[in-house]
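Chemist: Contents of target08.pdb (PDB, C-alpha atoms) are given next:
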ATOM      1  CA  MET A  11      20.104 -26.559 -12.803  1.00  0.00           C
ATOM      2  CA  SER A  12      16.837 -25.224 -14.216  1.00  0.00           C
ATOM      3  CA  GLU A  13      16.099 -21.537 -14.723  1.00  0.00           C
ATOM      4  CA  ARG A  14      13.378 -21.760 -12.053  1.00  0.00           C
ATOM      5  CA  ALA A  15      15.893 -22.999  -9.480  1.00  0.00           C
ATOM      6  CA  GLN A  16      18.564 -20.492 -10.532  1.00  0.00           C
ATOM      7  CA  ASN A  17      16.281 -17.462 -10.505  1.00  0.00           C
ATOM      8  CA  PRO A  18      13.341 -17.689  -8.062  1.00  0.00           C
ATOM      9  CA  ALA A  19      12.281 -14.104  -8.891  1.00  0.00           C
ATOM     10  CA  ALA A  20      11.965 -14.974 -12.581  1.00  0.00           C
ATOM     11  CA  ALA A  21       9.949 -18.066 -11.722  1.00  0.00           C
ATOM     12  CA  GLN A  22       7.671 -15.969  -9.510  1.00  0.00           C
ATOM     13  CA  ALA A  23       7.127 -13.446 -12.310  1.00  0.00           C
ATOM     14  CA  LYS A  24       6.133 -16.264 -14.686  1.00  0.00           C
ATOM     15  CA  SER A  25       3.376 -17.673 -12.487  1.00  0.00           C
ATOM     16  CA  PRO A  26      -0.163 -16.738 -13.619  1.00  0.00           C
ATOM     17  CA  GLY A  27      -0.931 -15.105 -10.275  1.00  0.00           C
ATOM     18  CA  ARG A  28       2.135 -12.881 -10.336  1.00  0.00           C
ATOM     19  CA  ARG A  29       1.505 -11.906 -13.953  1.00  0.00           C
ATOM     20  CA  ALA A  30      -2.039 -10.916 -12.994  1.00  0.00           C
ATOM     21  CA  ALA A  31      -0.738  -8.853 -10.052  1.00  0.00           C
ATOM     22  CA  ALA A  32       1.803  -7.114 -12.299  1.00  0.00           C
ATOM     23  CA  TYR A  33      -0.946  -6.399 -14.839  1.00  0.00           C
ATOM     24  CA  TRP A  34      -2.862  -4.394 -12.217  1.00  0.00           C
ATOM     25  CA  PHE A  35       0.025  -1.896 -12.128  1.00  0.00           C
ATOM     26  CA  SER A  36       0.918  -1.968 -15.829  1.00  0.00           C
ATOM     27  CA  ASP A  37      -1.165   1.122 -16.663  1.00  0.00           C
ATOM     28  CA  GLY A  38       0.201   3.246 -13.785  1.00  0.00           C
ATOM     29  CA  LEU A  39      -3.270   4.039 -12.424  1.00  0.00           C
ATOM     30  CA  PRO A  40      -2.787   2.728  -8.847  1.00  0.00           C
ATOM     31  CA  GLU A  41       0.301   4.898  -8.366  1.00  0.00           C
ATOM     32  CA  ALA A  42      -1.155   7.910 -10.180  1.00  0.00           C
ATOM     33  CA  VAL A  43      -4.464   7.885  -8.282  1.00  0.00           C
ATOM     34  CA  PHE A  44      -2.889   7.522  -4.827  1.00  0.00           C
ATOM     35  CA  GLY A  45      -0.190  10.033  -5.796  1.00  0.00           C
ATOM     36  CA  LEU A  46      -2.750  12.630  -6.872  1.00  0.00           C
ATOM     37  CA  ALA A  47      -4.735  12.093  -3.665  1.00  0.00           C
ATOM     38  CA  TYR A  48      -1.609  12.531  -1.513  1.00  0.00           C
ATOM     39  CA  LEU A  49      -0.444  15.559  -3.492  1.00  0.00           C
ATOM     40  CA  THR A  50      -3.827  17.273  -3.194  1.00  0.00           C
ATOM     41  CA  TRP A  51      -3.970  16.580   0.534  1.00  0.00           C
ATOM     42  CA  GLY A  52      -0.408  17.832   0.999  1.00  0.00           C
ATOM     43  CA  VAL A  53      -0.875  21.060  -0.994  1.00  0.00           C
ATOM     44  CA  LEU A  54      -4.129  21.960   0.753  1.00  0.00           C
ATOM     45  CA  GLY A  55      -2.698  20.997   4.136  1.00  0.00           C
ATOM     46  CA  MET A  56       0.320  23.196   3.457  1.00  0.00           C
ATOM     47  CA  ALA A  57      -1.971  26.089   2.521  1.00  0.00           C
ATOM     48  CA  TRP A  58      -3.887  25.555   5.752  1.00  0.00           C
ATOM     49  CA  SER A  59      -0.699  25.552   7.842  1.00  0.00           C
ATOM     50  CA  LEU A  60       0.523  28.747   6.148  1.00  0.00           C
ATOM     51  CA  ARG A  61      -2.847  30.450   6.806  1.00  0.00           C
ATOM     52  CA  LEU A  62      -3.529  30.937   3.104  1.00  0.00           C
ATOM     53  CA  ALA A  63      -7.094  31.653   1.952  1.00  0.00           C
ATOM     54  CA  GLY A  64      -8.377  31.748   5.530  1.00  0.00           C
ATOM     55  CA  ARG A  65     -10.915  29.176   6.697  1.00  0.00           C
ATOM     56  CA  TRP A  66     -11.437  27.913   3.151  1.00  0.00           C
ATOM     57  CA  SER A  67      -7.988  26.322   3.127  1.00  0.00           C
ATOM     58  CA  ARG A  68      -8.814  24.520   6.370  1.00  0.00           C
ATOM     59  CA  THR A  69     -12.098  23.227   4.953  1.00  0.00           C
ATOM     60  CA  ALA A  70     -10.395  22.116   1.740  1.00  0.00           C
ATOM     61  CA  GLY A  71      -7.579  20.426   3.684  1.00  0.00           C
ATOM     62  CA  VAL A  72     -10.012  18.464   5.825  1.00  0.00           C
ATOM     63  CA  ALA A  73     -12.021  17.502   2.737  1.00  0.00           C
ATOM     64  CA  ALA A  74      -8.851  16.301   0.977  1.00  0.00           C
ATOM     65  CA  SER A  75      -7.857  14.144   3.950  1.00  0.00           C
ATOM     66  CA  LEU A  76     -11.336  12.611   4.113  1.00  0.00           C
ATOM     67  CA  ALA A  77     -11.220  11.961   0.362  1.00  0.00           C
ATOM     68  CA  PHE A  78      -7.930  10.132   0.807  1.00  0.00           C
ATOM     69  CA  PHE A  79      -9.362   7.898   3.524  1.00  0.00           C
ATOM     70  CA  LEU A  80     -12.341   7.102   1.286  1.00  0.00           C
ATOM     71  CA  LEU A  81      -9.939   6.196  -1.513  1.00  0.00           C
ATOM     72  CA  TRP A  82      -8.018   3.976   0.907  1.00  0.00           C
ATOM     73  CA  ALA A  83     -11.236   2.178   1.851  1.00  0.00           C
ATOM     74  CA  PHE A  84     -12.641   1.818  -1.682  1.00  0.00           C
ATOM     75  CA  ASP A  85      -9.543   1.930  -3.881  1.00  0.00           C
ATOM     76  CA  ARG A  86     -10.333  -1.358  -5.648  1.00  0.00           C
ATOM     77  CA  LYS A  87     -13.764  -0.125  -6.736  1.00  0.00           C
ATOM     78  CA  ALA A  88     -12.444   3.289  -7.795  1.00  0.00           C
ATOM     79  CA  LEU A  89      -9.538   1.816  -9.747  1.00  0.00           C
ATOM     80  CA  ASP A  90     -11.714  -0.872 -11.305  1.00  0.00           C
ATOM     81  CA  TRP A  91     -14.087   1.855 -12.551  1.00  0.00           C
ATOM     82  CA  LEU A  92     -11.194   3.766 -14.118  1.00  0.00           C
ATOM     83  CA  LYS A  93      -9.595   0.652 -15.585  1.00  0.00           C
ATOM     84  CA  ALA A  94     -12.890  -0.393 -17.178  1.00  0.00           C
ATOM     85  CA  ARG A  95     -12.694   2.819 -19.218  1.00  0.00           C
ATOM     86  CA  LEU A  96      -8.955   2.898 -19.899  1.00  0.00           C
ATOM     87  CA  THR A  97      -7.182  -0.422 -19.387  1.00  0.00           C
ATOM     88  CA  TYR A  98      -9.586  -3.283 -20.006  1.00  0.00           C
ATOM     89  CA  PRO A  99     -10.623  -2.143 -23.525  1.00  0.00           C
ATOM     90  CA  ARG A 100      -6.939  -2.248 -24.511  1.00  0.00           C
ATOM     91  CA  THR A 101      -5.478  -5.346 -22.853  1.00  0.00           C
ATOM     92  CA  GLY A 102      -8.458  -7.190 -21.376  1.00  0.00           C
ATOM     93  CA  TYR A 103      -9.705  -7.869 -17.868  1.00  0.00           C
ATOM     94  CA  VAL A 104      -7.735  -9.691 -15.183  1.00  0.00           C
ATOM     95  CA  ARG A 105      -8.938 -10.197 -11.613  1.00  0.00           C
ATOM     96  CA  PRO A 106      -7.523  -7.441  -9.349  1.00  0.00           C
ATOM     97  CA  PRO A 107      -4.922  -8.619  -6.811  1.00  0.00           C
ATOM     98  CA  ALA A 108      -5.944  -9.087  -3.201  1.00  0.00           C
ATOM     99  CA  GLU A 109      -3.968  -8.180  -0.101  1.00  0.00           C
ATOM    100  CA  PRO A 110      -2.416 -11.256   1.553  1.00  0.00           C
ATOM    101  CA  LYS A 111      -4.353 -12.411   4.599  1.00  0.00           C
ATOM    102  CA  PRO A 112      -2.439 -13.880   7.564  1.00  0.00           C
ATOM    103  CA  PRO A 113      -3.760 -17.070   9.205  1.00  0.00           C
ATOM    104  CA  LEU A 114      -6.484 -16.571  11.791  1.00  0.00           C
ATOM    105  CA  PRO A 115      -5.419 -16.778  15.480  1.00  0.00           C
ATOM    106  CA  GLY A 116      -5.326 -20.414  16.548  1.00  0.00           C
ATOM    107  CA  GLU A 117      -5.713 -21.681  12.978  1.00  0.00           C
ATOM    108  CA  ASN A 118      -3.580 -24.756  12.296  1.00  0.00           C
ATOM    109  CA  LEU A 119      -2.597 -25.306   8.692  1.00  0.00           C
ATOM    110  CA  SER A 120      -0.965 -28.362   7.230  1.00  0.00           C
ATOM    111  CA  ILE A 121      -0.104 -29.604   3.778  1.00  0.00           C
ATOM    112  CA  MET A 122      -3.326 -31.603   3.802  1.00  0.00           C
ATOM    113  CA  ASN A 123      -5.764 -28.819   4.702  1.00  0.00           C
ATOM    114  CA  ALA A 124      -3.949 -25.662   3.555  1.00  0.00           C
ATOM    115  CA  PRO A 125      -5.889 -23.689   0.916  1.00  0.00           C
ATOM    116  CA  PRO A 126      -4.168 -23.183  -2.453  1.00  0.00           C
ATOM    117  CA  TYR A 127      -1.823 -20.202  -2.368  1.00  0.00           C
ATOM    118  CA  ASP A 128      -2.995 -17.420  -4.646  1.00  0.00           C
ATOM    119  CA  GLU A 129      -0.022 -15.443  -5.954  1.00  0.00           C
ATOM    120  CA  ASN A 130      -2.292 -12.724  -7.350  1.00  0.00           C
ATOM    121  CA  VAL A 131      -1.679 -10.548  -4.294  1.00  0.00           C
ATOM    122  CA  THR A 132      -0.034  -7.221  -3.570  1.00  0.00           C
ATOM    123  CA  TRP A 133       1.156  -5.289  -0.532  1.00  0.00           C
ATOM    124  CA  PHE A 134       1.199  -2.005  -2.498  1.00  0.00           C
ATOM    125  CA  ARG A 135      -1.060  -0.059  -0.132  1.00  0.00           C
ATOM    126  CA  LEU A 136       0.821  -1.052   3.022  1.00  0.00           C
ATOM    127  CA  ALA A 137       4.336  -1.465   1.618  1.00  0.00           C
ATOM    128  CA  THR A 138       4.337   1.760  -0.429  1.00  0.00           C
ATOM    129  CA  VAL A 139       1.401   4.141   0.113  1.00  0.00           C
ATOM    130  CA  PHE A 140       1.163   3.712   3.890  1.00  0.00           C
ATOM    131  CA  VAL A 141       4.909   4.338   4.332  1.00  0.00           C
ATOM    132  CA  PHE A 142       4.546   8.074   3.555  1.00  0.00           C
ATOM    133  CA  TRP A 143       1.566   8.366   5.855  1.00  0.00           C
ATOM    134  CA  GLN A 144       3.601   6.745   8.639  1.00  0.00           C
ATOM    135  CA  VAL A 145       6.540   9.091   8.006  1.00  0.00           C
ATOM    136  CA  GLN A 146       4.217  12.074   8.357  1.00  0.00           C
ATOM    137  CA  MET A 147       3.146  10.836  11.791  1.00  0.00           C
ATOM    138  CA  LEU A 148       6.786  10.317  12.814  1.00  0.00           C
ATOM    139  CA  VAL A 149       7.732  13.836  11.673  1.00  0.00           C
ATOM    140  CA  ASP A 150       4.869  15.168  13.790  1.00  0.00           C
ATOM    141  CA  MET A 151       6.174  13.137  16.740  1.00  0.00           C
ATOM    142  CA  PHE A 152       9.806  14.290  16.636  1.00  0.00           C
ATOM    143  CA  ARG A 153       9.520  17.805  15.149  1.00  0.00           C
ATOM    144  CA  GLN A 154      13.272  18.074  14.622  1.00  0.00           C
ATOM    145  CA  PRO A 155      15.068  19.851  11.713  1.00  0.00           C
ATOM    146  CA  TRP A 156      16.561  16.521  10.665  1.00  0.00           C
ATOM    147  CA  GLY A 157      13.197  14.771  10.772  1.00  0.00           C
ATOM    148  CA  VAL A 158      12.121  15.003   7.138  1.00  0.00           C
ATOM    149  CA  PRO A 159      15.567  14.382   5.533  1.00  0.00           C
ATOM    150  CA  VAL A 160      16.359  11.360   7.697  1.00  0.00           C
ATOM    151  CA  LEU A 161      12.882   9.850   7.685  1.00  0.00           C
ATOM    152  CA  MET A 162      12.358  10.295   3.946  1.00  0.00           C
ATOM    153  CA  THR A 163      15.708   8.604   3.297  1.00  0.00           C
ATOM    154  CA  ALA A 164      14.556   5.771   5.543  1.00  0.00           C
ATOM    155  CA  ALA A 165      11.233   5.707   3.654  1.00  0.00           C
ATOM    156  CA  ALA A 166      13.087   5.222   0.355  1.00  0.00           C
ATOM    157  CA  VAL A 167      14.952   2.241   1.833  1.00  0.00           C
ATOM    158  CA  VAL A 168      11.763   0.757   3.302  1.00  0.00           C
ATOM    159  CA  VAL A 169       9.832   1.091   0.020  1.00  0.00           C
ATOM    160  CA  TYR A 170      12.723  -0.512  -1.861  1.00  0.00           C
ATOM    161  CA  VAL A 171      13.081  -3.439   0.564  1.00  0.00           C
ATOM    162  CA  LEU A 172       9.360  -4.128   0.932  1.00  0.00           C
ATOM    163  CA  SER A 173       8.838  -4.099  -2.834  1.00  0.00           C
ATOM    164  CA  ARG A 174      11.304  -6.979  -3.348  1.00  0.00           C
ATOM    165  CA  SER A 175       8.499  -9.511  -2.958  1.00  0.00           C
ATOM    166  CA  GLU A 176       6.074  -7.590  -5.180  1.00  0.00           C
ATOM    167  CA  ALA A 177       5.224  -8.546  -8.756  1.00  0.00           C
ATOM    168  CA  ARG A 178       6.602  -5.155  -9.884  1.00  0.00           C
ATOM    169  CA  PRO A 179       9.483  -4.293  -7.508  1.00  0.00           C
ATOM    170  CA  TYR A 180      11.130  -0.864  -7.438  1.00  0.00           C
ATOM    171  CA  SER A 181      14.783  -0.483  -8.340  1.00  0.00           C
ATOM    172  CA  GLY A 182      17.227   1.514  -6.235  1.00  0.00           C
ATOM    173  CA  TRP A 183      17.308   4.307  -8.826  1.00  0.00           C
ATOM    174  CA  THR A 184      13.517   4.445  -8.803  1.00  0.00           C
ATOM    175  CA  VAL A 185      13.241   5.201  -5.073  1.00  0.00           C
ATOM    176  CA  LEU A 186      16.292   7.513  -4.977  1.00  0.00           C
ATOM    177  CA  PRO A 187      14.215  10.673  -5.703  1.00  0.00           C
ATOM    178  CA  ILE A 188      12.330  10.096  -2.427  1.00  0.00           C
ATOM    179  CA  ALA A 189      15.549  10.410  -0.430  1.00  0.00           C
ATOM    180  CA  VAL A 190      16.905  13.280  -2.564  1.00  0.00           C
ATOM    181  CA  ALA A 191      13.704  15.290  -2.122  1.00  0.00           C
ATOM    182  CA  GLY A 192      13.771  14.644   1.623  1.00  0.00           C
ATOM    183  CA  VAL A 193      17.357  15.864   1.947  1.00  0.00           C
ATOM    184  CA  ALA A 194      16.669  18.903  -0.276  1.00  0.00           C
ATOM    185  CA  SER A 195      13.747  19.886   1.974  1.00  0.00           C
ATOM    186  CA  ALA A 196      16.268  20.732   4.719  1.00  0.00           C
ATOM    187  CA  TRP A 197      17.011  23.979   2.840  1.00  0.00           C
ATOM    188  CA  LEU A 198      13.363  25.059   2.783  1.00  0.00           C
ATOM    189  CA  ARG A 199      12.373  27.716   5.278  1.00  0.00           C
ATOM    190  CA  MET A 200       8.886  27.051   6.605  1.00  0.00           C
ATOM    191  CA  PRO A 201       7.074  26.694   9.929  1.00  0.00           C
ATOM    192  CA  ALA A 202       7.239  23.364  11.725  1.00  0.00           C
ATOM    193  CA  ASP A 203       3.525  22.808  11.137  1.00  0.00           C
ATOM    194  CA  SER A 204       4.067  23.090   7.395  1.00  0.00           C
ATOM    195  CA  ARG A 205       6.884  20.539   7.414  1.00  0.00           C
ATOM    196  CA  LEU A 206       4.425  17.927   8.605  1.00  0.00           C
ATOM    197  CA  TYR A 207       2.960  17.833   5.099  1.00  0.00           C
ATOM    198  CA  LEU A 208       6.278  17.369   3.292  1.00  0.00           C
ATOM    199  CA  PRO A 209       6.265  13.534   3.516  1.00  0.00           C
ATOM    200  CA  ILE A 210       2.912  13.164   1.773  1.00  0.00           C
ATOM    201  CA  LEU A 211       3.812  15.952  -0.676  1.00  0.00           C
ATOM    202  CA  ILE A 212       7.028  14.155  -1.622  1.00  0.00           C
ATOM    203  CA  GLY A 213       5.375  10.749  -1.624  1.00  0.00           C
ATOM    204  CA  GLY A 214       2.444  12.043  -3.656  1.00  0.00           C
ATOM    205  CA  ALA A 215       4.663  13.723  -6.233  1.00  0.00           C
ATOM    206  CA  TRP A 216       6.795  10.574  -6.544  1.00  0.00           C
ATOM    207  CA  LEU A 217       3.796   8.254  -6.934  1.00  0.00           C
ATOM    208  CA  LEU A 218       2.082  10.580  -9.420  1.00  0.00           C
ATOM    209  CA  ALA A 219       5.253  10.944 -11.495  1.00  0.00           C
ATOM    210  CA  ARG A 220       5.757   7.166 -11.499  1.00  0.00           C
ATOM    211  CA  GLY A 221       2.150   6.504 -12.411  1.00  0.00           C
ATOM    212  CA  THR A 222       2.026   9.148 -15.140  1.00  0.00           C
ATOM    213  CA  TRP A 223       5.265   7.898 -16.724  1.00  0.00           C
ATOM    214  CA  THR A 224       3.976   4.318 -16.697  1.00  0.00           C
ATOM    215  CA  MET A 225       0.594   5.395 -18.072  1.00  0.00           C
ATOM    216  CA  VAL A 226       2.138   7.281 -21.011  1.00  0.00           C
ATOM    217  CA  HIS A 227       4.179   4.215 -22.009  1.00  0.00           C
ATOM    218  CA  TYR A 228       1.157   1.950 -21.532  1.00  0.00           C
ATOM    219  CA  LEU A 229      -1.089   4.087 -23.760  1.00  0.00           C
ATOM    220  CA  ARG A 230       1.560   4.197 -26.478  1.00  0.00           C
ATOM    221  CA  ALA A 231       2.091   0.445 -26.376  1.00  0.00           C
ATOM    222  CA  HIS A 232      -1.608  -0.472 -26.240  1.00  0.00           C
ATOM    223  CA  PRO A 233      -3.854   1.679 -28.457  1.00  0.00           C
ATOM    224  CA  ARG A 234      -7.574   1.010 -28.403  1.00  0.00           C
ATOM    225  CA  PRO A 235      -8.660  -1.733 -30.845  1.00  0.00           C
ATOM    226  CA  ALA A 236     -10.775   0.775 -32.809  1.00  0.00           C
ATOM    227  CA  ALA A 237      -7.686   2.914 -33.380  1.00  0.00           C
ATOM    228  CA  VAL A 238      -5.776  -0.116 -34.638  1.00  0.00           C
ATOM    229  CA  GLU A 239      -8.574  -1.013 -37.083  1.00  0.00           C
ATOM    230  CA  ALA A 240      -8.838   2.554 -38.368  1.00  0.00           C
ATOM    231  CA  THR A 241      -5.084   2.596 -38.990  1.00  0.00           C
ATOM    232  CA  SER A 242      -5.198  -0.690 -40.893  1.00  0.00           C
ATOM    233  CA  HIS A 243      -7.915   0.616 -43.283  1.00  0.00           C
ATOM    234  CA  GLU A 244      -6.039   3.783 -44.145  1.00  0.00           C
TER
END
Please render this file's structure as structure tokens.
Modeler:
Amino acid sequence: MSERAQNPAAAQAKSPGRRAAAYWFSDGLPEAVFGLAYLTWGVLGMAWSLRLAGRWSRTAGVAASLAFFLLWAFDRKALDWLKARLTYPRTGYVRPPAEPKPPLPGENLSIMNAPPYDENVTWFRLATVFVFWQVQMLVDMFRQPWGVPVLMTAAAVVVYVLSRSEARPYSGWTVLPIAVAGVASAWLRMPADSRLYLPILIGGAWLLARGTWTMVHYLRAHPRPAAVEATSHE
């Protein structure tokens, strides 16, 4: 039996589309940028809920939430701008992955008329980033002491399961800090309104830590060509 038949995941990773999708995350920027946006929103929202800095904290919290929604709407353009200055000079340009599009209502596809399947796709925004946003809404809905610990543990499981089909899936150890932080939050004493921001605080810190760690390793492994030339002449 061939390796492709024995290990479908390995075969998927070897396809050009999946390699291109994995490349988009190789520098850690998608995780770091969304993580920083979540963390900023969560910190300012927490300050607002604790009545710190008066009306300025409210204004800053609203501004941070609006900034996150703008990032959600234009993340490809923002990340492409950053990558053009950090990633592409080191490892070259590859077309950013698209989000998979389901068939249109009433559209009949067959082997004869089906468009070619592009494997350069990712569910990162919906399968990872959106999960923490959804947990925040659920915590607001239930407002129970067990809300954050239980829901953040569930979030860790959901992120792990949904990433199985991604070009760069998360391991169980990778998502474990999400659950641990959620359980540890049970010992924090804070108003119920403040707890609403814990999911995006935890999710933001986790994404930023993941992205920063990946970015450090990427920069070490791929110095700029000018740096390589300067080293060779010395």
Chemist: Expand the PyMOL selection byres ((chain A and resi 191-201) around 9) into the individual residues it matches in the shown file, reporting them as a PyMOL selection string.
Modeler: chain A and resi 59-60+155-156+158-163+186-190+202-205+208-209+212
Chemist: Please determine, counting all atoms listed in the file, which residue among A:Ser25, A:Trp183, A:Ala30, A:Thr224 has the shortest atom-to-atom distance to Thr101 of chain A.
Modeler: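 Closest to Thr101 of chain A of all the choices is A:Ala30.
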Chemist: I need the output of the PyMOL selection byres ((chain A and resi 176) around 10) for this file as JSON, numbers by chain; which residues are they?
Modeler: {"A": [19, 22, 23, 28, 31, 32, 129, 131, 132, 133, 134, 137, 171, 172, 173, 174, 175, 177, 178, 179, 180]}
Chemist: The residues within 7 Å of (7.7, 7.4, -1.0), using only C-alpha atoms and the coordinates of the file, should be reported as an MDAnalysis selection string; which are they?
Modeler: chainID A and resid 138 141:142 165:166 169 188 212:213 216
Chemist: So how many Å separate atom CA of Leu39 of chain A and atom CA of Gly214 of chain A, to one decimal?
Modeler: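 Interatomic distance, atom CA of Leu39 of chain A to atom CA of Gly214 of chain A: 13.2 Å.
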Chemist: Could you check the closest approach to Arg234 of chain A for each of A:Ala57, A:Leu96, A:Ala42, A:Val168 and tell me which residue wins, using all atoms listed in the file?
Modeler: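 Comparing A:Ala57, A:Leu96, A:Ala42, A:Val168 against Arg234 of chain A, the winner is A:Leu96.
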